[in-house]
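Structure record follows, encoded as structure tokens.
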Amino acid sequence: MTDDLQQTGKRPLMARLRRYLITGLVIWIPLGVTLFVIQLFIGYMDGLVTVFPRSWQPAQLVGFNIPGLGVVLVVLILLFTGFLASNYLGRILLSLGNELLEHIPLVRSIYTTAKQISDTMFSNTGRSFRKVVLIRYPNRDTWSLAFQTGESLGELNAKLPEHMVSVFVPTTPNPTSGFLLMVPQDDMIELQMSVDEALKMIISLGVIVPPWPPARQSPGAAGGDTVPELADPHR
């Protein structure tokens with residue numbers, strides 16, 4: 001009888017300890033991951049300081065390294081470049097630099113592709129990664145989140161019977177890799193969630209789901225988009 005009472009008394013204690021442990025993990029894991037990523041980012045940026053002559057490096061000037069100096073340096077370079085490109089003389093210099101790089105055989109293909117991607121992603125008129133869609137992938141019975149990256153596919157649309165659009169299907173939990181797919185425009189469903197919300201859902205393996213209906217939309221307007229009957233992509 002005494003042993004049973006002791007076992008009964010231990011169970012609530014062990015349950016509380018387990019709850020405290022899980023609560024501590026929930027608090028420290030995201031904080032630790034955040035600090036780890038920030039440390040990696042700052043460490044990588046601080047490595048850029050080594051491009052300066054040894055006599056100009058912080059360890060030689062002040063006797064110790066200054067954490068975060070590389071981040072400040074990168075921000076200043078970006079600001080200066082933006083300021084330079086905003087005036088007439090700077091635009092001429094950038095135009096000459098672009099023309100020079102575009103005439104170097106190996107550099108030309110890499111630089112031109114990277115420039116087109118950056119111009120599309122960061123320009124105000126670009127539509128890449130500004131629309132989240134659902135597509136049937138990898139088969140008809142499953143759906144995947146994707147980002148529409150292009151509407152006009154040139155030769156592809158000229159030679160295909162349906163109007164196709166290009167979408168990027170990211171992998172999880174690392175959305176920087178994925179697949180480029182061409183899908184019929186009528187076979188995808190445009191979502192109201194933002195790109196940030198979609199990325200959170202992908203990175204969290206579907207644990208973090210954007211609220212529905214969105215706070216910016218009245219419940220009456222949530223209405224219910226019906227899922228269209230789509231053609232089988234593998235027929």
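Labels used: A, B, ... for chains in the order of the structure tokens, numbers from 1 for residues in each chain, and numbers from 1 for ligands as shown.
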Practice task
Please provide the set of residues having any atom within 9 Å of Met188 of chain A, restricted to only C-alpha atoms, with same-chain residues fewer than 2 positions apart removed, written as a PyMOL selection string.
Solution key: chain A and resi 133-136+183-186+190+228+230
Please produce an output containing N, CA and C atoms for each residue in the selection, written as a PDB file, in the first residue's frame.
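again32.pdb, freshly written:
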ATOM      1  N   VAL A 133       0.590  30.096 -55.209  1.00  0.00           N
ATOM      2  CA  VAL A 133      -0.417  29.294 -55.894  1.00  0.00           C
ATOM      3  C   VAL A 133      -0.372  27.856 -55.401  1.00  0.00           C
ATOM      4  N   LEU A 134      -1.446  27.136 -55.686  1.00  0.00           N
ATOM      5  CA  LEU A 134      -1.518  25.704 -55.443  1.00  0.00           C
ATOM      6  C   LEU A 134      -1.510  24.981 -56.782  1.00  0.00           C
ATOM      7  N   ILE A 135      -0.700  23.940 -56.883  1.00  0.00           N
ATOM      8  CA  ILE A 135      -0.680  23.133 -58.100  1.00  0.00           C
ATOM      9  C   ILE A 135      -0.749  21.660 -57.719  1.00  0.00           C
ATOM     10  N   ARG A 136      -1.220  20.847 -58.647  1.00  0.00           N
ATOM     11  CA  ARG A 136      -1.249  19.402 -58.414  1.00  0.00           C
ATOM     12  C   ARG A 136       0.152  18.855 -58.686  1.00  0.00           C
ATOM     13  N   VAL A 183       3.223  24.761 -65.782  1.00  0.00           N
ATOM     14  CA  VAL A 183       1.890  24.213 -65.559  1.00  0.00           C
ATOM     15  C   VAL A 183       0.863  25.055 -66.303  1.00  0.00           C
ATOM     16  N   PRO A 184      -0.259  24.461 -66.726  1.00  0.00           N
ATOM     17  CA  PRO A 184      -1.320  25.250 -67.357  1.00  0.00           C
ATOM     18  C   PRO A 184      -1.873  26.283 -66.378  1.00  0.00           C
ATOM     19  N   GLN A 185      -2.063  27.489 -66.850  1.00  0.00           N
ATOM     20  CA  GLN A 185      -2.536  28.555 -65.974  1.00  0.00           C
ATOM     21  C   GLN A 185      -3.902  28.235 -65.371  1.00  0.00           C
ATOM     22  N   ASP A 186      -4.752  27.542 -66.124  1.00  0.00           N
ATOM     23  CA  ASP A 186      -6.087  27.209 -65.632  1.00  0.00           C
ATOM     24  C   ASP A 186      -6.063  26.096 -64.600  1.00  0.00           C
ATOM     25  N   GLU A 190      -4.848  30.369 -57.323  1.00  0.00           N
ATOM     26  CA  GLU A 190      -4.137  31.480 -56.687  1.00  0.00           C
ATOM     27  C   GLU A 190      -4.622  31.641 -55.248  1.00  0.00           C
ATOM     28  N   PRO A 228     -11.472  23.904 -58.602  1.00  0.00           N
ATOM     29  CA  PRO A 228     -11.904  23.527 -59.937  1.00  0.00           C
ATOM     30  C   PRO A 228     -11.489  22.114 -60.286  1.00  0.00           C
ATOM     31  N   LEU A 230      -9.530  19.945 -62.328  1.00  0.00           N
ATOM     32  CA  LEU A 230      -8.354  20.177 -63.145  1.00  0.00           C
ATOM     33  C   LEU A 230      -8.023  18.954 -63.973  1.00  0.00           C
TER      34      LEU A 230
END
Exercise for the section: Go through segment 53-101 of chain A and collect every residue that DSSP, computed from the backbone, puts in alpha helix (DSSP H); the answer should be as a ChimeraX atom specification. Expected result: /A:58-61,69-85,88-101
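Going from atom CA of Ser152 of chain A to atom CA of Ser166 of chain A covers 8.4 Å.
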Per residue of segment 104-192 of chain A within 12 Å of segment 92-97 of chain A, what are the shortest atom pair and its distance in Å to one decimal, counting only C-alpha atoms, with rows by chain and residue number, as a tab-separated table?
residue	atom	partner	partner_atom	distance
A:Ile104	CA	A:Gly97	CA	11.3
A:Arg108	CA	A:Gly97	CA	11.7
A:Tyr111	CA	A:Gly97	CA	11.3
Output N, CA and C atoms for every residue in that selection, as a PDB file, in the first residue's frame.
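In the end it all went to result_4.pdb:
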ATOM      1  N   ILE A 104      32.478  39.848 -71.875  1.00  0.00           N
ATOM      2  CA  ILE A 104      33.425  38.820 -71.436  1.00  0.00           C
ATOM      3  C   ILE A 104      32.723  37.472 -71.538  1.00  0.00           C
ATOM      4  N   ARG A 108      29.811  36.837 -69.040  1.00  0.00           N
ATOM      5  CA  ARG A 108      28.602  37.392 -69.627  1.00  0.00           C
ATOM      6  C   ARG A 108      27.358  36.574 -69.274  1.00  0.00           C
ATOM      7  N   TYR A 111      26.669  36.802 -65.364  1.00  0.00           N
ATOM      8  CA  TYR A 111      26.273  38.131 -64.924  1.00  0.00           C
ATOM      9  C   TYR A 111      24.901  38.518 -65.485  1.00  0.00           C
TER      10      TYR A 111
END
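When only C-alpha atoms are used to compute distances to Val165 of chain A, the closest of the residues A:Met193, A:Ile42, A:Val71, A:Leu180 turns out to be A:Leu180.
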Problem - Sel. of strand (DSSP E) residues, segment 72-199 of chain A, as a list in words - result: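 Secondary structure check on segment 72-199 of chain A, strand (DSSP E): Val132, Val133, Leu134, Ile135, Arg136, Trp143, Ser144, Leu145, Ala146, Phe147, Gln148, Thr149, Gly150, Met164, Val165, Ser166, Val167, Phe168, Val169, Pro170, Gly178, Phe179, Leu180, Leu181, Met182, Val183, Pro184, Ile189 and Glu190 of chain A.
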Residue selection dump (C-alpha atoms) as a short mmCIF file (atom, residue, chain, number, x, y, z; two decimals), in the first residue's frame:
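File written: result30.cif
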data_model
loop_
_atom_site.label_atom_id
_atom_site.label_comp_id
_atom_site.auth_asym_id
_atom_site.auth_seq_id
_atom_site.Cartn_x
_atom_site.Cartn_y
_atom_site.Cartn_z
CA VAL A 132 1.44 32.07 -54.08
CA VAL A 133 -0.42 29.29 -55.89
CA LEU A 134 -1.52 25.70 -55.44
CA ILE A 135 -0.68 23.13 -58.10
CA ARG A 136 -1.25 19.40 -58.41
CA TRP A 143 -1.28 19.56 -53.87
CA SER A 144 1.88 21.62 -53.43
CA LEU A 145 2.54 25.24 -52.58
CA ALA A 146 4.37 27.07 -55.34
CA PHE A 147 5.41 30.59 -56.34
CA GLN A 148 4.54 31.88 -59.78
CA THR A 149 7.72 33.16 -61.41
CA GLY A 150 6.63 34.00 -64.95
CA MET A 164 1.57 27.68 -69.50
CA VAL A 165 3.12 29.63 -66.64
CA SER A 166 6.33 28.91 -64.77
CA VAL A 167 6.19 28.13 -61.06
CA PHE A 168 8.83 27.35 -58.48
CA VAL A 169 8.06 24.51 -56.06
CA PRO A 170 10.37 24.86 -53.03
CA GLY A 178 13.25 23.21 -55.45
CA PHE A 179 11.86 22.55 -58.90
CA LEU A 180 10.96 24.75 -61.85
CA LEU A 181 7.71 23.51 -63.42
CA MET A 182 5.59 24.65 -66.34
CA VAL A 183 1.89 24.21 -65.56
CA PRO A 184 -1.32 25.25 -67.36
CA ILE A 189 -5.31 28.04 -57.76
CA GLU A 190 -4.14 31.48 -56.69
#
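The coordinates place atom CA of Gly68 of chain A at 10.2 Å from atom CA of Ile38 of chain A.
Atom CA of Gly70 of chain A is found 12.1 Å from atom CA of Gln39 of chain A.
With only C-alpha atoms as the atoms that count, the residue of A:Thr112, A:Tyr88, A:Met45, A:Thr171 with the shortest distance to Val75 of chain A is A:Met45.
With only C-alpha atoms as the atoms that count, the minimum distance from Val74 of chain A to the choices A:Phe41, A:Arg18, A:Pro105, A:Arg91 is reached by A:Phe41.
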